[in-house]
Structure formats: C-alpha cells, structure tokens
file structure.txt (compact mmCIF, C-alpha atoms)
# COMPACT_ATOMS: atom_id res chain seq x y z
CA MET A 876 -17.35 151.70 58.33
CA SER A 877 -15.49 149.64 55.72
CA GLN A 878 -13.30 152.68 54.93
CA ILE A 879 -12.30 152.94 58.60
CA SER A 880 -11.54 149.24 58.61
CA LEU A 881 -9.42 149.63 55.44
CA LEU A 882 -7.56 152.57 57.00
CA ASP A 883 -6.83 150.57 60.16
CA LYS A 884 -5.57 147.71 58.04
CA LEU A 885 -3.31 150.04 56.02
CA ILE A 886 -1.96 151.64 59.20
CA THR A 887 -1.06 148.22 60.61
CA ARG A 888 0.56 147.24 57.31
CA TYR A 889 2.53 150.50 57.33
CA LYS A 890 3.77 149.87 60.88
CA VAL A 891 4.88 146.35 59.91
CA TRP A 892 6.52 147.86 56.84
CA THR A 893 8.61 150.21 59.05
CA ILE A 894 10.07 147.13 60.77
CA LYS A 895 11.02 145.62 57.40
CA PHE A 896 12.46 148.94 56.22
CA GLN A 897 14.62 149.23 59.34
CA SER A 898 15.87 145.71 58.82
CA ALA A 899 16.69 146.32 55.12
CA ASN A 900 18.59 149.52 55.99
CA LYS A 901 20.53 147.66 58.66
CA ASN A 902 21.48 144.96 56.15
CA ILE A 903 22.73 147.52 53.62
CA LYS A 904 24.82 149.28 56.27
CA SER A 905 26.15 145.98 57.58
CA ASN A 906 27.16 145.00 54.01
CA ILE A 907 29.05 148.27 53.48
CA LEU A 908 30.76 147.79 56.85
CA GLN A 909 31.64 144.21 55.74
CA ASP A 910 30.29 143.04 59.04
CA ASP A 911 29.34 139.40 58.52
CA THR A 912 30.55 136.96 61.18
CA SER A 913 29.94 133.98 58.88
CA SER A 914 32.94 135.23 56.86
CA ILE A 915 35.23 134.04 59.67
CA VAL A 916 34.14 130.43 59.09
CA GLU A 917 34.15 130.74 55.30
CA GLU A 918 37.68 132.20 55.37
CA LYS A 919 38.99 129.34 57.48
CA ILE A 920 37.36 126.71 55.28
CA ILE A 921 38.84 128.30 52.13
CA SER A 922 42.26 128.43 53.81
CA VAL A 923 42.15 124.71 54.65
CA VAL A 924 40.94 123.80 51.13
CA ILE A 925 43.63 125.89 49.39
CA SER A 926 46.39 124.62 51.69
CA SER A 927 45.32 120.99 51.29
CA ALA A 928 45.05 121.37 47.51
CA LEU A 929 48.53 122.87 47.36
CA VAL A 930 49.95 119.98 49.37
CA TYR A 931 48.25 117.43 47.09
CA ILE A 932 49.22 119.15 43.81
CA GLY A 933 52.76 120.06 44.96
CA ILE A 934 53.63 116.57 46.16
CA SER A 935 52.07 115.01 43.04
CA ILE A 936 54.15 117.19 40.70
CA LEU A 937 57.34 116.59 42.64
CA GLY A 938 56.60 112.86 42.68
CA LEU A 939 55.97 112.91 38.93
CA PHE A 940 59.56 114.04 38.36
CA GLY A 941 60.84 111.39 40.70
CA VAL A 942 61.88 113.90 43.35
CA TYR A 943 61.78 112.62 46.90
CA THR A 944 59.42 115.02 48.66
CA GLY A 945 60.48 114.40 52.21
CA GLY A 946 56.99 113.21 53.12
CA PHE A 947 55.62 114.90 56.21
CA VAL A 948 58.06 117.86 56.22
CA ALA A 949 57.32 118.78 52.58
CA GLY A 950 53.62 118.48 53.34
CA VAL A 951 53.91 120.88 56.27
CA VAL A 952 55.95 123.36 54.21
CA LEU A 953 53.48 123.30 51.30
CA PHE A 954 50.55 123.59 53.71
CA ALA A 955 52.15 126.66 55.30
CA ILE A 956 52.71 128.24 51.86
CA GLY A 957 49.09 127.51 50.92
CA TRP A 958 47.89 128.97 54.22
CA SER A 959 49.80 132.23 53.62
CA LEU A 960 48.54 132.40 50.03
CA SER A 961 44.96 131.87 51.21
CA LYS A 962 45.29 134.76 53.68
CA PHE A 963 46.01 137.08 50.75
CA LEU A 964 43.08 135.70 48.73
CA ASN A 965 40.74 135.88 51.72
CA LYS A 966 41.51 139.55 52.16
CA LYS A 967 40.47 140.20 48.55
CA ILE A 968 37.34 138.03 48.79
CA PHE A 969 36.09 138.72 52.33
CA GLY A 970 37.92 141.96 53.19
CA THR A 971 38.04 143.18 56.78
CA LYS A 972 35.42 144.73 59.00
CA ARG A 973 35.16 148.49 58.42
CA GLU A 974 34.36 151.17 60.99
CA VAL A 975 31.85 153.95 60.31
CA GLU A 976 34.54 156.59 61.02
CA ASN A 977 36.76 155.12 58.29
CA LEU A 978 34.16 155.22 55.53
CA ASN A 979 34.69 157.67 52.65
CA ASN A 980 32.52 160.77 52.17
CA GLU A 981 30.19 159.09 49.69
CA GLU A 982 29.52 156.25 52.14
CA GLN A 983 29.10 158.61 55.09
CA GLU A 984 26.49 160.55 53.09
CA LEU A 985 24.74 157.33 52.09
CA PHE A 986 24.53 156.28 55.76
CA ALA A 987 23.20 159.71 56.73
CA HIS A 988 20.63 159.50 53.94
CA LEU A 989 19.43 156.05 55.06
CA ASP A 990 19.23 157.24 58.67
CA ALA A 991 17.28 160.38 57.72
CA VAL A 992 14.64 158.51 55.70
CA GLU A 993 14.32 155.84 58.40
CA LEU A 994 13.95 158.47 61.12
CA LYS A 995 11.23 160.21 59.13
CA HIS A 996 9.16 157.03 58.98
CA LEU A 997 9.77 156.20 62.63
CA GLN A 998 8.50 159.68 63.50
CA ILE A 999 5.38 159.14 61.39
CA ARG A 1000 4.85 155.78 63.13
CA GLU A 1001 5.30 157.42 66.52
CA LYS A 1002 2.78 160.14 65.64
CA ILE A 1003 0.25 157.49 64.56
CA ASN A 1004 0.78 155.55 67.81
CA THR A 1005 0.45 158.62 70.02
CA GLY A 1006 -2.60 159.83 68.12
CA ASN A 1007 -0.88 163.03 66.98
CA MET A 1008 -1.52 162.30 63.34
CA ILE A 1009 -5.22 162.50 62.72
CA VAL A 1010 -5.16 162.30 58.92
CA ASN A 1011 -2.80 159.60 57.73
CA PHE A 1012 -1.18 158.94 54.36
CA THR A 1013 -1.15 162.60 53.36
CA GLN A 1014 2.58 163.11 52.74
CA TYR A 1015 2.89 160.67 49.87
CA GLY A 1016 4.34 163.16 47.36
CA SER A 1017 7.28 164.23 49.52
CA LEU A 1018 7.95 160.72 50.86
CA LYS A 1019 7.92 159.35 47.30
CA ARG A 1020 10.50 161.94 46.23
CA GLU A 1021 12.69 161.01 49.20
CA PHE A 1022 12.57 157.36 48.21
CA SER A 1023 13.43 158.20 44.58
CA GLU A 1024 16.45 160.13 45.80
CA LEU A 1025 17.45 157.35 48.22
CA MET A 1026 17.25 154.70 45.51
CA ARG A 1027 19.30 156.92 43.19
CA VAL A 1028 22.03 157.29 45.84
CA LEU A 1029 21.99 153.56 46.58
CA GLY A 1030 22.09 152.74 42.85
CA GLU A 1031 25.07 155.04 42.23
CA TYR A 1032 27.09 153.67 45.14
CA ASP A 1033 30.57 152.59 44.01
CA ILE A 1034 30.81 148.94 45.06
CA SER A 1035 34.53 148.80 44.20
CA ASN A 1036 35.00 150.05 47.79
CA LEU A 1037 33.91 146.60 48.98
CA ALA A 1038 35.49 143.13 49.08
CA TYR A 1039 34.20 140.68 46.42
CA LYS A 1040 31.77 138.86 48.72
CA TYR A 1041 30.04 142.13 49.64
CA ARG A 1042 30.12 143.42 46.04
CA LEU A 1043 28.16 140.35 44.97
CA LYS A 1044 25.69 140.75 47.84
CA TYR A 1045 25.04 144.47 47.27
CA PRO A 1046 22.79 144.14 44.13
CA LEU A 1047 20.65 141.60 46.00
CA LEU A 1048 20.22 143.98 48.92
CA LEU A 1049 19.39 146.76 46.49
CA LEU A 1050 16.71 144.59 44.91
CA LYS A 1051 15.29 143.82 48.35
CA GLN A 1052 15.27 147.55 49.13
CA LYS A 1053 13.43 148.24 45.87
CA GLN A 1054 10.79 145.66 46.81
CA ILE A 1055 10.38 147.35 50.18
CA VAL A 1056 9.95 150.74 48.49
CA ASP A 1057 7.36 149.16 46.17
CA ASP A 1058 5.56 147.84 49.26
CA PHE A 1059 5.57 151.38 50.63
CA HIS A 1060 3.87 152.68 47.45
CA GLN A 1061 1.39 149.85 47.69
CA ILE A 1062 0.50 150.65 51.29
CA TYR A 1063 0.85 154.41 51.45
CA ALA A 1064 -0.85 155.24 48.15
CA ASN A 1065 -2.82 151.99 48.11
CA LYS A 1066 -1.19 151.18 44.76
CA LYS A 1067 -0.76 147.83 43.11
CA ARG A 1068 2.79 146.48 42.90
CA GLY A 1069 4.38 147.82 39.68
CA MET B 1144 22.43 140.44 68.33
CA ASN B 1145 25.67 140.35 70.32
CA ASP B 1146 23.91 138.77 73.31
CA LEU B 1147 22.79 135.92 71.04
CA VAL B 1148 26.34 135.45 69.76
CA GLU B 1149 27.68 135.36 73.33
CA LYS B 1150 25.01 132.85 74.36
CA LEU B 1151 25.81 130.59 71.40
CA LYS B 1152 29.53 130.83 72.12
CA SER B 1153 28.90 129.67 75.69
CA MET B 1154 26.99 126.58 74.44
CA LYS B 1155 29.99 124.29 74.15
CA ASN B 1156 29.27 120.82 72.73
CA ALA B 1157 25.64 121.73 71.97
CA THR B 1158 23.85 119.90 69.15
CA ALA B 1159 22.65 121.62 65.96
CA SER B 1160 19.04 121.41 67.16
CA GLN B 1161 19.95 123.09 70.48
CA TYR B 1162 21.62 125.95 68.59
CA ASP B 1163 18.59 126.18 66.31
CA LYS B 1164 16.20 126.29 69.26
CA THR B 1165 18.19 129.13 70.88
CA ILE B 1166 18.18 131.11 67.61
CA LYS B 1167 14.42 130.57 67.13
CA GLU B 1168 13.71 131.73 70.70
CA TYR B 1169 15.85 134.81 70.12
CA ALA B 1170 14.10 135.56 66.78
CA SER B 1171 10.69 135.24 68.44
CA LYS B 1172 11.64 137.61 71.28
CA GLN B 1173 13.10 140.12 68.82
CA VAL B 1174 9.97 140.11 66.65
CA GLN B 1175 7.76 140.64 69.72
CA LYS B 1176 10.01 143.49 70.85
CA GLU B 1177 9.93 145.14 67.41
CA LEU B 1178 6.14 144.78 67.17
CA LYS B 1179 5.78 146.36 70.60
CA GLU B 1180 8.02 149.27 69.57
CA ALA B 1181 5.95 149.68 66.39
CA GLY B 1182 2.73 149.71 68.41
CA ILE B 1183 1.33 146.55 66.85
CA SER B 1184 -0.15 143.58 68.64
CA LYS B 1185 0.14 140.10 67.17
CA GLU B 1186 -3.65 139.98 66.80
CA ASP B 1187 -3.58 142.97 64.43
CA MET B 1188 -1.63 140.96 61.90
CA SER B 1189 -2.44 137.91 59.86
CA GLN B 1190 -0.70 134.69 60.90
CA GLU B 1191 1.05 134.66 57.52
CA GLU B 1192 2.48 138.16 58.03
CA TYR B 1193 3.67 137.28 61.52
CA GLU B 1194 5.35 134.09 60.37
CA GLN B 1195 7.06 135.98 57.55
CA LEU B 1196 8.53 138.47 60.06
CA LEU B 1197 9.62 135.57 62.25
CA GLU B 1198 11.23 133.77 59.32
CA ASP B 1199 13.13 136.91 58.23
CA LYS B 1200 14.41 137.49 61.76
CA TYR B 1201 15.40 133.82 62.12
CA LYS B 1202 17.37 133.89 58.84
CA GLU B 1203 19.08 137.14 59.85
CA ALA B 1204 20.02 135.81 63.30
CA LYS B 1205 21.21 132.47 61.91
CA SER B 1206 23.40 134.14 59.31
CA PHE B 1207 24.84 136.54 61.87
CA SER B 1208 25.60 133.84 64.40
CA LYS B 1209 27.24 131.26 62.11
CA GLY B 1210 30.65 132.26 63.38
CA ALA B 1211 29.65 131.84 67.00
CA MET B 1212 28.13 128.39 66.48
CA VAL B 1213 31.41 126.84 65.45
CA ALA B 1214 33.48 128.81 67.92
CA GLY B 1215 33.56 125.96 70.41
CA GLY B 1216 35.12 123.37 68.14
CA PHE B 1217 36.18 123.65 64.54
CA LEU B 1218 37.15 127.30 64.70
CA LEU B 1219 39.29 126.75 67.78
CA PHE B 1220 41.24 124.05 65.98
CA LEU B 1221 41.72 126.26 62.93
CA GLU B 1222 42.78 129.20 65.06
CA LEU B 1223 45.68 127.07 66.26
CA LEU B 1224 46.79 126.77 62.63
CA GLY B 1225 46.89 130.49 62.05
call {"tool": "encode", "arguments": {"input": "structure.txt", "output": "structure tokens"}}
result
Amino acid sequence: MSQISLLDKLITRYKVWTIKFQSANKNIKSNILQDDTSSIVEEKIISVVISSALVYIGISILGLFGVYTGGFVAGVVLFAIGWSLSKFLNKKIFGTKREVENLNNEEQELFAHLDAVELKHLQIREKINTGNMIVNFTQYGSLKREFSELMRVLGEYDISNLAYKYRLKYPLLLLKQKQIVDDFHQIYANKKRG
Amino acid sequence: MNDLVEKLKSMKNATASQYDKTIKEYASKQVQKELKEAGISKEDMSQEEYEQLLEDKYKEAKSFSKGAMVAGGFLLFLELLG
C-alpha cells in the first residue's frame, strides 16, 4: 500500500517537474532570442544617464577652461551626442531581438534538441494521464543519456553570439537547467540530489 | 504572455499595486492552466510546492511585463527623445 502511495507521489512530482522543465527550456530559448521586454526600459534609462553625464562632464570641462558654453544650446548638443553614443553602447549590451529563422545552425540544432527532449517528457506525461503507461519510471537509462547529451550541447553553446546582458544571464539559466535535471534524477530514479 | 502585456499597457495611470494585482491574477490563472494540462489537481500537491510554482510564474510574468508597465508614462516621454 505504501509503495503505491510512494509511486503516486512520485508521479505527481514528475508531472510538476515537467511544468518546471518546460519553463526552463522556454527561458533558455528566450535568452538566445534576446527576447526580454525589460531591456527596453533598461536601454532608455542607460541612454538618459549617459546623455546627462555627458552634458554635466562636457559643460564642466568647457567651463574649467573659461569657455562660454552657450548654456541651453550646448546642453542640448551634448545631450544629443550622448544619446547617439548610448544607442551604440545599448546595441552591444542589450542587442536586438532575434528571430528563430535567423539563428545559426548550432542554435537551430540546440532549439531542436530542447524541443525533442521536452516533447518526449510531455508524451510520457500524456501516457501516464491517459493510463497508457502501466509501469512507470522504466526508461531511466535512455532518458538519462538524453539529458547528458542535452547538458553537453547547452554547455558547449557559444555565448559570443549573444549581447552582453544575455551572455551574463546564460550561465545562470544553465545552472537552473542543471538543477532541474538533478530533480529529474531525484524523482525518476528516486535518487538523492548529488 | 502577450495578453498580459496588452492588458498592462491599457492600464494607464494605474498604481504599482494595481499592476501587481493584475500580474498575480495572471500568474495564478497560468499555474492552474498548466496544472490542468499536466493532469494534476491542486490537492495532489503540497501547499509549499504550489506556492513555489506560483512564485516562479509571478517572477517570470513580472520580468516579462516590465516594459509594458511603464509604457503609459515614462517610456512615452523617452520615446519622444529618440
């Protein structure tokens, strides 16, 4: 009786895990596509800060040499220069949103790999829900190999394809993915977290 | 997620707590939808597990919708600058 109860508990945990796995995959894909709407706000804030700093520094230096800066007009000119400069920096830091069709071969393969592993688990979940899988947790060996391969592909991904913000975020997402894979081992093979 | 962004964009002059409430409601609906798709009822899970899912979804939605939340004011002003 207790074994049935344990199995039910593990099945529920596995189903919850599939939700977390889907979410983690989505976050990795979104990062590679540089698809974060908060960047729009961050870019604008950086632009205002850079432009304002340039106005302050520029007018201070000119004033130091006793040059009449022209007040408002010089401020507007320096602000415009700072704004243009910030656009260039923002492109390096935040990049632009990428489309799936424009990704390179390595990235296309990575997406296909993520989709394939996700689909496999959604199919297992579906079979459990429809009662088509009588004996559960029997494919651990092959699923484990697939995860090893997936983590290898994710680990070897060349982050220089991404803007700086997304390069910094990628290792964190990879760590999160590793934790999710560890959770899978814990649930599917009833292992302790390594 | 786009429907949340559109809803937040339409909330001109809303307070931070109103935005937060809308995001929390969205996160709750999404979690319930995902649980239903996964074939899990809320009762099957511990309260802690459920709240963790809710928290993750809330963080995700909040991060995604940051741009939309300021669309009504600050962003509009900045757009005029360039």
call {"tool": "closest_residue", "arguments": {"input": "structure.txt", "among": "B:Ser1208, B:Glu1198, B:Lys1167, B:Val1174", "to": "Lys1152 of chain B", "atoms": "only C-alpha atoms"}}
result
B:Ser1208
call {"tool": "axis_aligned_box", "arguments": {"input": "structure.txt", "around": "segment 967-976 of chain A", "padding_each_side": "6 Å", "output": "AutoDock Vina command-line options"}}
result
--center_x 36.2 --center_y 147.3 --center_z 54.8 --size_x 20.6 --size_y 30.6 --size_z 24.5
call {"tool": "residues_around", "arguments": {"input": "structure.txt", "residues": "Lys1164 of chain B", "least_positions_apart": "5", "cutoff": "12 Å", "atoms": "all atoms listed in the file", "output": "ChimeraX atom specification"}}
result
/B:1147,1151,1154,1157-1159,1169-1171,1201,1204-1205
call {"tool": "closest_residue", "arguments": {"input": "structure.txt", "among": "A:Asn1036, A:Gln897, A:Asn979, A:Asn1004", "to": "chain B", "atoms": "all atoms listed in the file"}}
result
A:Asn1004
call {"tool": "interface_residues", "arguments": {"input": "structure.txt", "of": "chain A", "to": "chain B", "cutoff": "8 Å", "atoms": "only C-alpha atoms", "output": "list in words"}}
result
Thr887, Lys890, Val891, Thr893, Ile894, Asp911, Thr912, Ser913, Ser914, Ile915, Val916, Lys919, Arg1000, Glu1001 and Asn1004 of chain A
call {"tool": "atom_distance", "arguments": {"input": "structure.txt", "atom1": "atom CA of Leu1197 of chain B", "atom2": "atom CA of Thr1165 of chain B"}}
result
13.8 Å
call {"tool": "residues_around", "arguments": {"input": "structure.txt", "residues": "Pro1046 of chain A", "least_positions_apart": "4", "cutoff": "10 Å", "atoms": "only C-alpha atoms", "output": "list of chain:residue names"}}
result
A:Leu1029, A:Gly1030, A:Ile1034, A:Tyr1041, A:Arg1042, A:Leu1050, A:Lys1051, A:Gln1052
call {"tool": "atom_distance", "arguments": {"input": "structure.txt", "atom1": "atom CA of Val930 of chain A", "atom2": "atom CA of Phe954 of chain A"}}
result
5.7 Å
call {"tool": "atom_distance", "arguments": {"input": "structure.txt", "atom1": "atom CA of Ser880 of chain A", "atom2": "atom CA of Lys1179 of chain B"}}
result
21.3 Å
call {"tool": "closest_residue", "arguments": {"input": "structure.txt", "among": "A:Lys962, A:Lys972, A:His996, A:His1060", "to": "Gly1016 of chain A", "atoms": "all atoms listed in the file"}}
result
A:His1060
call {"tool": "closest_residue", "arguments": {"input": "structure.txt", "among": "A:Ile968, A:Ile879, A:Val1056, A:Leu1025", "to": "Phe986 of chain A", "atoms": "all atoms listed in the file"}}
result
A:Leu1025
